[in-house]
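Here's query-v6.cif, which has mmCIF, C-alpha atoms:
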data_upload
loop_
_atom_site.group_PDB
_atom_site.id
_atom_site.type_symbol
_atom_site.label_atom_id
_atom_site.label_comp_id
_atom_site.auth_asym_id
_atom_site.auth_seq_id
_atom_site.Cartn_x
_atom_site.Cartn_y
_atom_site.Cartn_z
ATOM 1 C CA MET A 1 5.964 3.114 23.106
ATOM 2 C CA MET A 2 7.613 -0.089 24.311
ATOM 3 C CA LEU A 3 6.557 -3.544 23.115
ATOM 4 C CA GLU A 4 7.545 -5.664 26.113
ATOM 5 C CA ASN A 5 4.067 -7.265 26.306
ATOM 6 C CA ASN A 6 3.742 -7.843 22.567
ATOM 7 C CA LEU A 7 4.670 -11.024 20.688
ATOM 8 C CA ILE A 8 6.852 -8.953 18.340
ATOM 9 C CA GLN A 9 9.121 -6.664 20.324
ATOM 10 C CA LYS A 10 11.334 -5.313 17.548
ATOM 11 C CA CYS A 11 10.660 -4.078 14.026
ATOM 12 C CA THR A 12 12.594 -5.437 11.069
ATOM 13 C CA CYS A 13 14.547 -2.151 10.996
ATOM 14 C CA GLY A 14 15.689 -2.662 14.600
ATOM 15 C CA ASN A 15 13.411 -0.066 16.186
ATOM 16 C CA THR A 16 12.178 -1.074 19.666
ATOM 17 C CA THR A 17 10.576 2.117 21.001
ATOM 18 C CA LEU A 18 9.047 4.373 18.349
ATOM 19 C CA PHE A 19 5.647 2.991 17.304
ATOM 20 C CA THR A 20 2.050 4.066 16.761
ATOM 21 C CA GLU A 21 -0.998 1.921 17.519
ATOM 22 C CA LEU A 22 -3.635 1.757 14.772
ATOM 23 C CA VAL A 23 -6.732 -0.184 13.755
ATOM 24 C CA ILE A 24 -6.734 -1.271 10.104
ATOM 25 C CA ASN A 25 -9.467 -3.424 8.603
ATOM 26 C CA GLY A 26 -10.716 -4.097 12.120
ATOM 27 C CA LEU A 27 -7.337 -5.389 13.319
ATOM 28 C CA ASP A 28 -5.221 -3.913 16.116
ATOM 29 C CA VAL A 29 -1.769 -3.256 14.661
ATOM 30 C CA ILE A 30 1.436 -1.387 15.447
ATOM 31 C CA LYS A 31 3.200 0.842 12.918
ATOM 32 C CA CYS A 32 6.924 1.544 13.114
ATOM 33 C CA ASN A 33 7.606 5.278 13.138
ATOM 34 C CA GLU A 34 11.064 4.684 11.638
ATOM 35 C CA CYS A 35 10.384 2.519 8.544
ATOM 36 C CA GLN A 36 6.533 2.480 8.471
ATOM 37 C CA VAL A 37 6.334 -1.347 8.541
ATOM 38 C CA ILE A 38 3.164 -2.609 10.237
ATOM 39 C CA HIS A 39 2.912 -5.669 12.454
ATOM 40 C CA GLN A 40 0.144 -7.206 14.462
ATOM 41 C CA LYS A 41 -0.488 -6.323 18.087
ATOM 42 C CA LEU A 42 -0.639 -9.580 20.058
ATOM 43 C CA GLU A 43 -0.272 -8.795 23.732
ATOM 44 C CA GLY A 44 0.358 -11.552 26.257
ATOM 45 C CA TRP A 45 1.718 -13.996 23.669
ATOM 46 C CA ALA A 46 5.142 -15.574 24.119
ATOM 47 C CA LYS A 47 7.086 -17.265 21.313
ATOM 48 C CA GLU A 48 6.291 -20.656 22.823
ATOM 49 C CA ASP A 49 2.555 -19.892 22.759
ATOM 50 C CA TYR A 50 2.692 -18.946 19.102
ATOM 51 C CA TYR A 51 4.751 -21.970 18.046
ATOM 52 C CA ASN A 52 2.486 -24.299 20.012
ATOM 53 C CA PHE A 53 -0.509 -22.797 18.186
ATOM 54 C CA TYR A 54 0.976 -23.987 14.889
ATOM 55 C CA LYS A 55 2.120 -27.314 16.298
ATOM 56 C CA THR A 56 -1.226 -28.411 17.691
ATOM 57 C CA ASP A 57 -4.161 -26.177 16.817
ATOM 58 C CA TYR A 58 -3.684 -24.408 13.506
ATOM 59 C CA HIS A 59 -4.264 -27.282 11.095
ATOM 60 C CA THR A 60 -7.050 -28.934 13.101
ATOM 61 C CA LYS A 61 -9.052 -27.033 15.695
ATOM 62 C CA TYR A 62 -8.439 -23.539 14.321
ATOM 63 C CA GLN A 63 -9.160 -24.443 10.706
ATOM 64 C CA GLU A 64 -12.204 -26.509 11.680
ATOM 65 C CA GLU A 65 -13.639 -23.508 13.487
ATOM 66 C CA LYS A 66 -13.182 -21.512 10.302
ATOM 67 C CA LYS A 67 -15.161 -24.197 8.429
ATOM 68 C CA VAL A 68 -12.516 -24.902 5.800
ATOM 69 C CA VAL A 69 -12.740 -27.793 3.351
ATOM 70 C CA THR A 70 -11.697 -31.327 4.264
ATOM 71 C CA TYR A 71 -8.029 -32.288 4.417
ATOM 72 C CA GLN A 72 -8.258 -34.256 1.151
ATOM 73 C CA ASP A 73 -10.044 -31.457 -0.667
ATOM 74 C CA ARG A 74 -7.454 -28.991 0.544
ATOM 75 C CA TYR A 75 -4.604 -31.282 -0.464
ATOM 76 C CA ASP A 76 -6.069 -31.772 -3.951
ATOM 77 C CA HIS A 77 -6.469 -28.011 -4.344
ATOM 78 C CA ASP A 78 -2.915 -27.390 -3.145
ATOM 79 C CA CYS A 79 -1.547 -29.923 -5.638
ATOM 80 C CA VAL A 80 -3.152 -27.991 -8.476
ATOM 81 C CA VAL A 81 -1.669 -24.734 -7.157
ATOM 82 C CA ALA A 82 1.736 -26.405 -6.687
ATOM 83 C CA ASN A 83 1.786 -27.570 -10.307
ATOM 84 C CA LYS A 84 1.113 -24.026 -11.477
ATOM 85 C CA ARG A 85 3.821 -22.645 -9.229
ATOM 86 C CA LEU A 86 6.406 -25.189 -10.323
ATOM 87 C CA ALA A 87 5.629 -24.559 -13.986
ATOM 88 C CA SER A 88 6.446 -20.884 -13.464
ATOM 89 C CA TYR A 89 9.556 -21.512 -11.328
ATOM 90 C CA LYS A 90 11.369 -23.612 -13.963
ATOM 91 C CA PHE A 91 13.848 -25.229 -11.580
ATOM 92 C CA THR A 92 16.648 -27.335 -13.052
ATOM 93 C CA PRO A 93 15.980 -31.097 -12.717
ATOM 94 C CA MET A 94 17.650 -32.656 -9.640
ATOM 95 C CA ALA A 95 17.875 -29.258 -7.936
ATOM 96 C CA VAL A 96 17.839 -29.508 -4.128
ATOM 97 C CA GLY A 97 15.087 -27.525 -2.465
ATOM 98 C CA LEU A 98 13.405 -26.664 0.822
ATOM 99 C CA ASP A 99 9.753 -25.636 1.091
ATOM 100 C CA ILE A 100 9.270 -23.629 4.289
ATOM 101 C CA GLY A 101 5.840 -23.943 5.849
ATOM 102 C CA SER A 102 5.154 -27.059 3.787
ATOM 103 C CA SER A 103 1.807 -27.811 5.459
ATOM 104 C CA ASN A 104 0.224 -30.894 3.821
ATOM 105 C CA SER A 105 3.312 -31.536 1.638
ATOM 106 C CA ALA A 106 1.445 -30.932 -1.618
ATOM 107 C CA PHE A 107 4.215 -28.733 -3.053
ATOM 108 C CA VAL A 108 6.927 -31.192 -2.007
ATOM 109 C CA HIS A 109 5.058 -34.116 -3.557
ATOM 110 C CA ARG A 110 4.535 -32.298 -6.846
ATOM 111 C CA ALA A 111 8.180 -31.158 -6.869
ATOM 112 C CA LEU A 112 9.328 -34.778 -6.612
ATOM 113 C CA THR A 113 7.329 -35.661 -9.734
ATOM 114 C CA ARG A 114 9.455 -33.082 -11.584
ATOM 115 C CA ASN A 115 12.734 -34.737 -10.545
ATOM 116 C CA LEU A 116 13.480 -32.180 -7.862
ATOM 117 C CA LYS A 117 15.055 -33.172 -4.555
ATOM 118 C CA CYS A 118 12.699 -31.296 -2.278
ATOM 119 C CA ILE A 119 11.883 -31.569 1.413
ATOM 120 C CA GLY A 120 9.574 -29.561 3.649
ATOM 121 C CA LEU A 121 9.928 -27.637 6.899
ATOM 122 C CA GLU A 122 6.739 -27.519 8.972
ATOM 123 C CA PRO A 123 6.065 -26.729 12.657
ATOM 124 C CA GLY A 124 2.743 -28.601 12.679
ATOM 125 C CA GLU A 125 2.824 -32.065 14.225
ATOM 126 C CA ASN A 126 -0.313 -33.369 12.566
ATOM 127 C CA ILE A 127 0.000 -32.344 8.943
ATOM 128 C CA GLY A 128 1.950 -33.494 5.892
ATOM 129 C CA ASP A 129 4.275 -36.329 4.936
ATOM 130 C CA ASP A 130 6.590 -37.346 7.794
ATOM 131 C CA SER A 131 9.076 -38.984 5.426
ATOM 132 C CA LEU A 132 9.695 -35.678 3.642
ATOM 133 C CA THR A 133 9.191 -33.159 6.439
ATOM 134 C CA ILE A 134 11.525 -31.643 9.000
ATOM 135 C CA ARG A 135 9.390 -30.857 12.042
ATOM 136 C CA GLY A 136 10.217 -27.432 13.397
ATOM 137 C CA THR A 137 11.029 -23.880 12.364
ATOM 138 C CA LEU A 138 14.044 -22.076 10.973
ATOM 139 C CA GLU A 139 15.027 -21.373 14.571
ATOM 140 C CA THR A 140 15.044 -25.053 15.587
ATOM 141 C CA ALA A 141 15.953 -26.951 12.389
ATOM 142 C CA ASP A 142 19.532 -28.075 11.804
ATOM 143 C CA LEU A 143 20.076 -27.134 8.149
ATOM 144 C CA GLU A 144 23.369 -27.376 6.275
ATOM 145 C CA SER A 145 24.962 -24.168 4.995
ATOM 146 C CA ASN A 146 25.316 -23.652 1.223
ATOM 147 C CA HIS A 147 23.201 -26.739 0.590
ATOM 148 C CA PHE A 148 19.999 -25.772 -1.222
ATOM 149 C CA ASP A 149 19.555 -24.707 -4.836
ATOM 150 C CA PHE A 150 16.193 -23.168 -3.999
ATOM 151 C CA VAL A 151 14.040 -22.241 -1.034
ATOM 152 C CA THR A 152 10.325 -21.568 -1.390
ATOM 153 C CA MET A 153 8.090 -19.786 1.096
ATOM 154 C CA HIS A 154 4.413 -19.896 0.202
ATOM 155 C CA ASP A 155 2.390 -17.683 2.515
ATOM 156 C CA SER A 156 4.824 -18.163 5.363
ATOM 157 C CA ILE A 157 7.074 -15.125 5.878
ATOM 158 C CA GLU A 158 4.150 -13.091 7.200
ATOM 159 C CA HIS A 159 3.657 -15.751 9.912
ATOM 160 C CA MET A 160 7.202 -15.511 11.281
ATOM 161 C CA ILE A 161 7.985 -13.699 14.488
ATOM 162 C CA ASP A 162 11.587 -12.877 13.561
ATOM 163 C CA VAL A 163 11.757 -12.128 9.835
ATOM 164 C CA ASN A 164 15.359 -10.946 10.124
ATOM 165 C CA PHE A 165 16.519 -14.261 11.588
ATOM 166 C CA ALA A 166 14.602 -16.178 8.910
ATOM 167 C CA LEU A 167 16.126 -14.321 5.970
ATOM 168 C CA ASP A 168 19.620 -14.486 7.438
ATOM 169 C CA LYS A 169 19.357 -18.263 7.864
ATOM 170 C CA ILE A 170 17.877 -18.768 4.411
ATOM 171 C CA TYR A 171 20.785 -16.835 2.922
ATOM 172 C CA LYS A 172 23.221 -19.133 4.737
ATOM 173 C CA ILE A 173 21.605 -22.415 3.651
ATOM 174 C CA LEU A 174 21.298 -21.410 -0.012
ATOM 175 C CA LYS A 175 24.092 -22.088 -2.470
ATOM 176 C CA PHE A 176 25.610 -19.110 -4.267
ATOM 177 C CA ASN A 177 23.109 -17.941 -6.903
ATOM 178 C CA GLY A 178 20.470 -20.116 -5.269
ATOM 179 C CA GLN A 179 16.881 -18.960 -5.532
ATOM 180 C CA LEU A 180 14.567 -17.724 -2.800
ATOM 181 C CA ILE A 181 11.004 -17.526 -4.074
ATOM 182 C CA LEU A 182 8.413 -16.248 -1.664
ATOM 183 C CA ASP A 183 4.847 -15.129 -1.934
ATOM 184 C CA LEU A 184 2.684 -13.186 0.459
ATOM 185 C CA PRO A 185 -0.541 -11.164 0.473
ATOM 186 C CA ASP A 186 -0.708 -7.811 -1.267
ATOM 187 C CA TYR A 187 -2.367 -6.214 1.739
ATOM 188 C CA PHE A 188 -2.784 -2.696 0.451
ATOM 189 C CA ILE A 189 -5.174 -3.269 -2.435
ATOM 190 C CA PRO A 190 -8.881 -4.145 -2.127
ATOM 191 C CA GLU A 191 -8.283 -7.770 -3.141
ATOM 192 C CA GLY A 192 -5.828 -8.184 -0.260
ATOM 193 C CA ALA A 193 -7.950 -6.685 2.501
ATOM 194 C CA HIS A 194 -9.188 -10.087 3.712
ATOM 195 C CA HIS A 195 -5.605 -11.061 4.575
ATOM 196 C CA TRP A 196 -5.580 -8.781 7.629
ATOM 197 C CA LYS A 197 -6.026 -11.797 9.930
ATOM 198 C CA ARG A 198 -5.738 -11.953 13.682
ATOM 199 C CA ILE A 199 -3.032 -14.296 15.019
ATOM 200 C CA GLU A 200 -2.126 -15.786 11.616
ATOM 201 C CA HIS A 201 -0.515 -12.848 9.830
ATOM 202 C CA LEU A 202 2.011 -11.017 11.967
ATOM 203 C CA TRP A 203 3.556 -8.718 9.349
ATOM 204 C CA PHE A 204 1.852 -6.501 6.786
ATOM 205 C CA PHE A 205 4.595 -5.561 4.338
ATOM 206 C CA SER A 206 4.107 -3.439 1.282
ATOM 207 C CA GLN A 207 5.923 -4.550 -1.868
ATOM 208 C CA ASP A 208 8.569 -1.833 -1.504
ATOM 209 C CA GLN A 209 9.123 -2.539 2.184
ATOM 210 C CA LEU A 210 9.769 -6.233 1.681
ATOM 211 C CA LEU A 211 12.037 -5.495 -1.269
ATOM 212 C CA GLU A 212 14.225 -3.267 0.897
ATOM 213 C CA ILE A 213 14.439 -5.943 3.587
ATOM 214 C CA LEU A 214 15.412 -8.606 1.038
ATOM 215 C CA LYS A 215 18.094 -6.333 -0.390
ATOM 216 C CA SER A 216 19.512 -5.775 3.084
ATOM 217 C CA TYR A 217 20.166 -9.528 3.254
ATOM 218 C CA ARG A 218 21.898 -9.505 -0.145
ATOM 219 C CA PHE A 219 19.103 -11.089 -2.125
ATOM 220 C CA LYS A 220 18.956 -9.824 -5.696
ATOM 221 C CA LEU A 221 15.447 -9.270 -7.004
ATOM 222 C CA MET A 222 14.833 -10.912 -10.367
ATOM 223 C CA LYS A 223 11.159 -10.039 -10.681
ATOM 224 C CA VAL A 224 7.870 -9.606 -8.820
ATOM 225 C CA THR A 225 4.707 -11.162 -10.215
ATOM 226 C CA THR A 226 1.031 -10.989 -9.312
ATOM 227 C CA PRO A 227 -0.404 -14.380 -10.356
ATOM 228 C CA ILE A 228 -3.768 -13.578 -8.769
ATOM 229 C CA PRO A 229 -5.227 -10.344 -7.376
ATOM 230 C CA GLY A 230 -4.118 -9.897 -3.790
ATOM 231 C CA LYS A 231 -0.911 -11.951 -4.075
ATOM 232 C CA LEU A 232 2.730 -10.935 -4.639
ATOM 233 C CA VAL A 233 5.511 -13.349 -5.639
ATOM 234 C CA PHE A 234 9.161 -12.304 -5.228
ATOM 235 C CA PHE A 235 11.802 -14.118 -7.305
ATOM 236 C CA THR A 236 15.262 -13.523 -5.833
ATOM 237 C CA ARG A 237 18.770 -14.979 -5.892
ATOM 238 C CA LYS A 238 21.574 -15.165 -3.345
ATOM 239 C CA ILE A 239 24.451 -12.964 -4.484
#
Structure rendered as structure tokens:
Amino acid sequence: MMLENNLIQKCTCGNTTLFTELVINGLDVIKCNECQVIHQKLEGWAKEDYYNFYKTDYHTKYQEEKKVVTYQDRYDHDCVVANKRLASYKFTPMAVGLDIGSSNSAFVHRALTRNLKCIGLEPGENIGDDSLTIRGTLETADLESNHFDFVTMHDSIEHMIDVNFALDKIYKILKFNGQLILDLPDYFIPEGAHHWKRIEHLWFFSQDQLLEILKSYRFKLMKVTTPIPGKLVFFTRKI
């Protein structure tokens, strides 16, 4: 099976031909026959279409259609979550950080109150704090090598078309022994079933699968936590 009409045309393991089509939790997906990683089937989508979705529609039209809370309510909620995350991360004061997929900048704002030098990276054009946000993606942003003490990815790696490119670039921009902390849905338990979302979530990694991918990019796993049912948090370091 070839994936020339699919948004994702190559698995994280490099396979481009050996796949099986499935339906899981009502979602059309594609399973790699080599490494068993599952990704979403999105035919007729180009990279530009997907990036434009996040630039213009995701935080306004798409979320409004889903009847989410107001921007302020969401920001207030995200600030509470950010405080909890930062309390568990225990970064050294004045550490330099990048929050990928920074959305409304709640995490960046709360990081600054803890004397952290944090900025955000966000493809959306209509969300977050412009003074603290690089507009773009890891593919378009000009980021200095060996610069950051930490990189955080909150519910963002599963949205990325090219996970391999993302992890390779993150490794390059981190200082030696710098931390990559990422969280994502725990898809394969009942509490994570609602995260099988069309368009939004492109990759459906198991804990073991993502761990192997991180190791292949020389990230050392420090621990995995489950702060809430249906969520996995990976604490890693660049070695």
Chain and number of each residue from the PyMOL selection byres ((chain A and resi 115-128) around 7), as a ChimeraX atom specification: /A:54-56,59,93-105,108,111-114,129-130,132-137
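Note that the spacing between CA of Thr226 in chain A and CA of Cys13 in chain A amounts to 25.9 Å.
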Residues matched by the PyMOL selection byres ((chain A and resi 192-208) around 10) as a count of residues only: 54
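Rounded to one decimal, CA of Gln72 in chain A and CA of Phe107 in chain A lie 14.3 Å from each other.
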Interatomic distance (Å, one decimal) between CA of Asp142 in chain A and CA of Lys169 in chain A: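 Pair CA of Asp142 in chain A / CA of Lys169 in chain A returns 10.6 Å.
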Minimum-distance residue to Arg218 in chain A, chosen among A:Val23, A:Leu167, A:Met2, A:Ala87 (using all atoms listed in the file):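 Selected residue with least distance to Arg218 in chain A: A:Leu167.
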Determine, using only C-alpha atoms, which residues of range 175-206 of chain A have any atom at most 8 Å from an atom of range 144-154 of chain A, and tabulate each with its shortest atom pair and distance in Å to one decimal place, rows ordered by chain and then rising number, as CSV.
residue,atom,partner,partner_atom,distance
A:Lys175,CA,A:Asn146,CA,4.2
A:Phe176,CA,A:Asn146,CA,7.1
A:Asn177,CA,A:Asp149,CA,7.9
A:Gly178,CA,A:Asp149,CA,4.7
A:Gln179,CA,A:Phe150,CA,4.5
A:Leu180,CA,A:Val151,CA,4.9
A:Ile181,CA,A:Thr152,CA,4.9
A:Leu182,CA,A:Met153,CA,4.5
A:Asp183,CA,A:His154,CA,5.2
A:Leu184,CA,A:His154,CA,6.9
Matched chain/residue IDs from the PyMOL selection byres ((chain A and resi 1) around 8), as a PyMOL selection string: chain A and resi 2-3+17-20
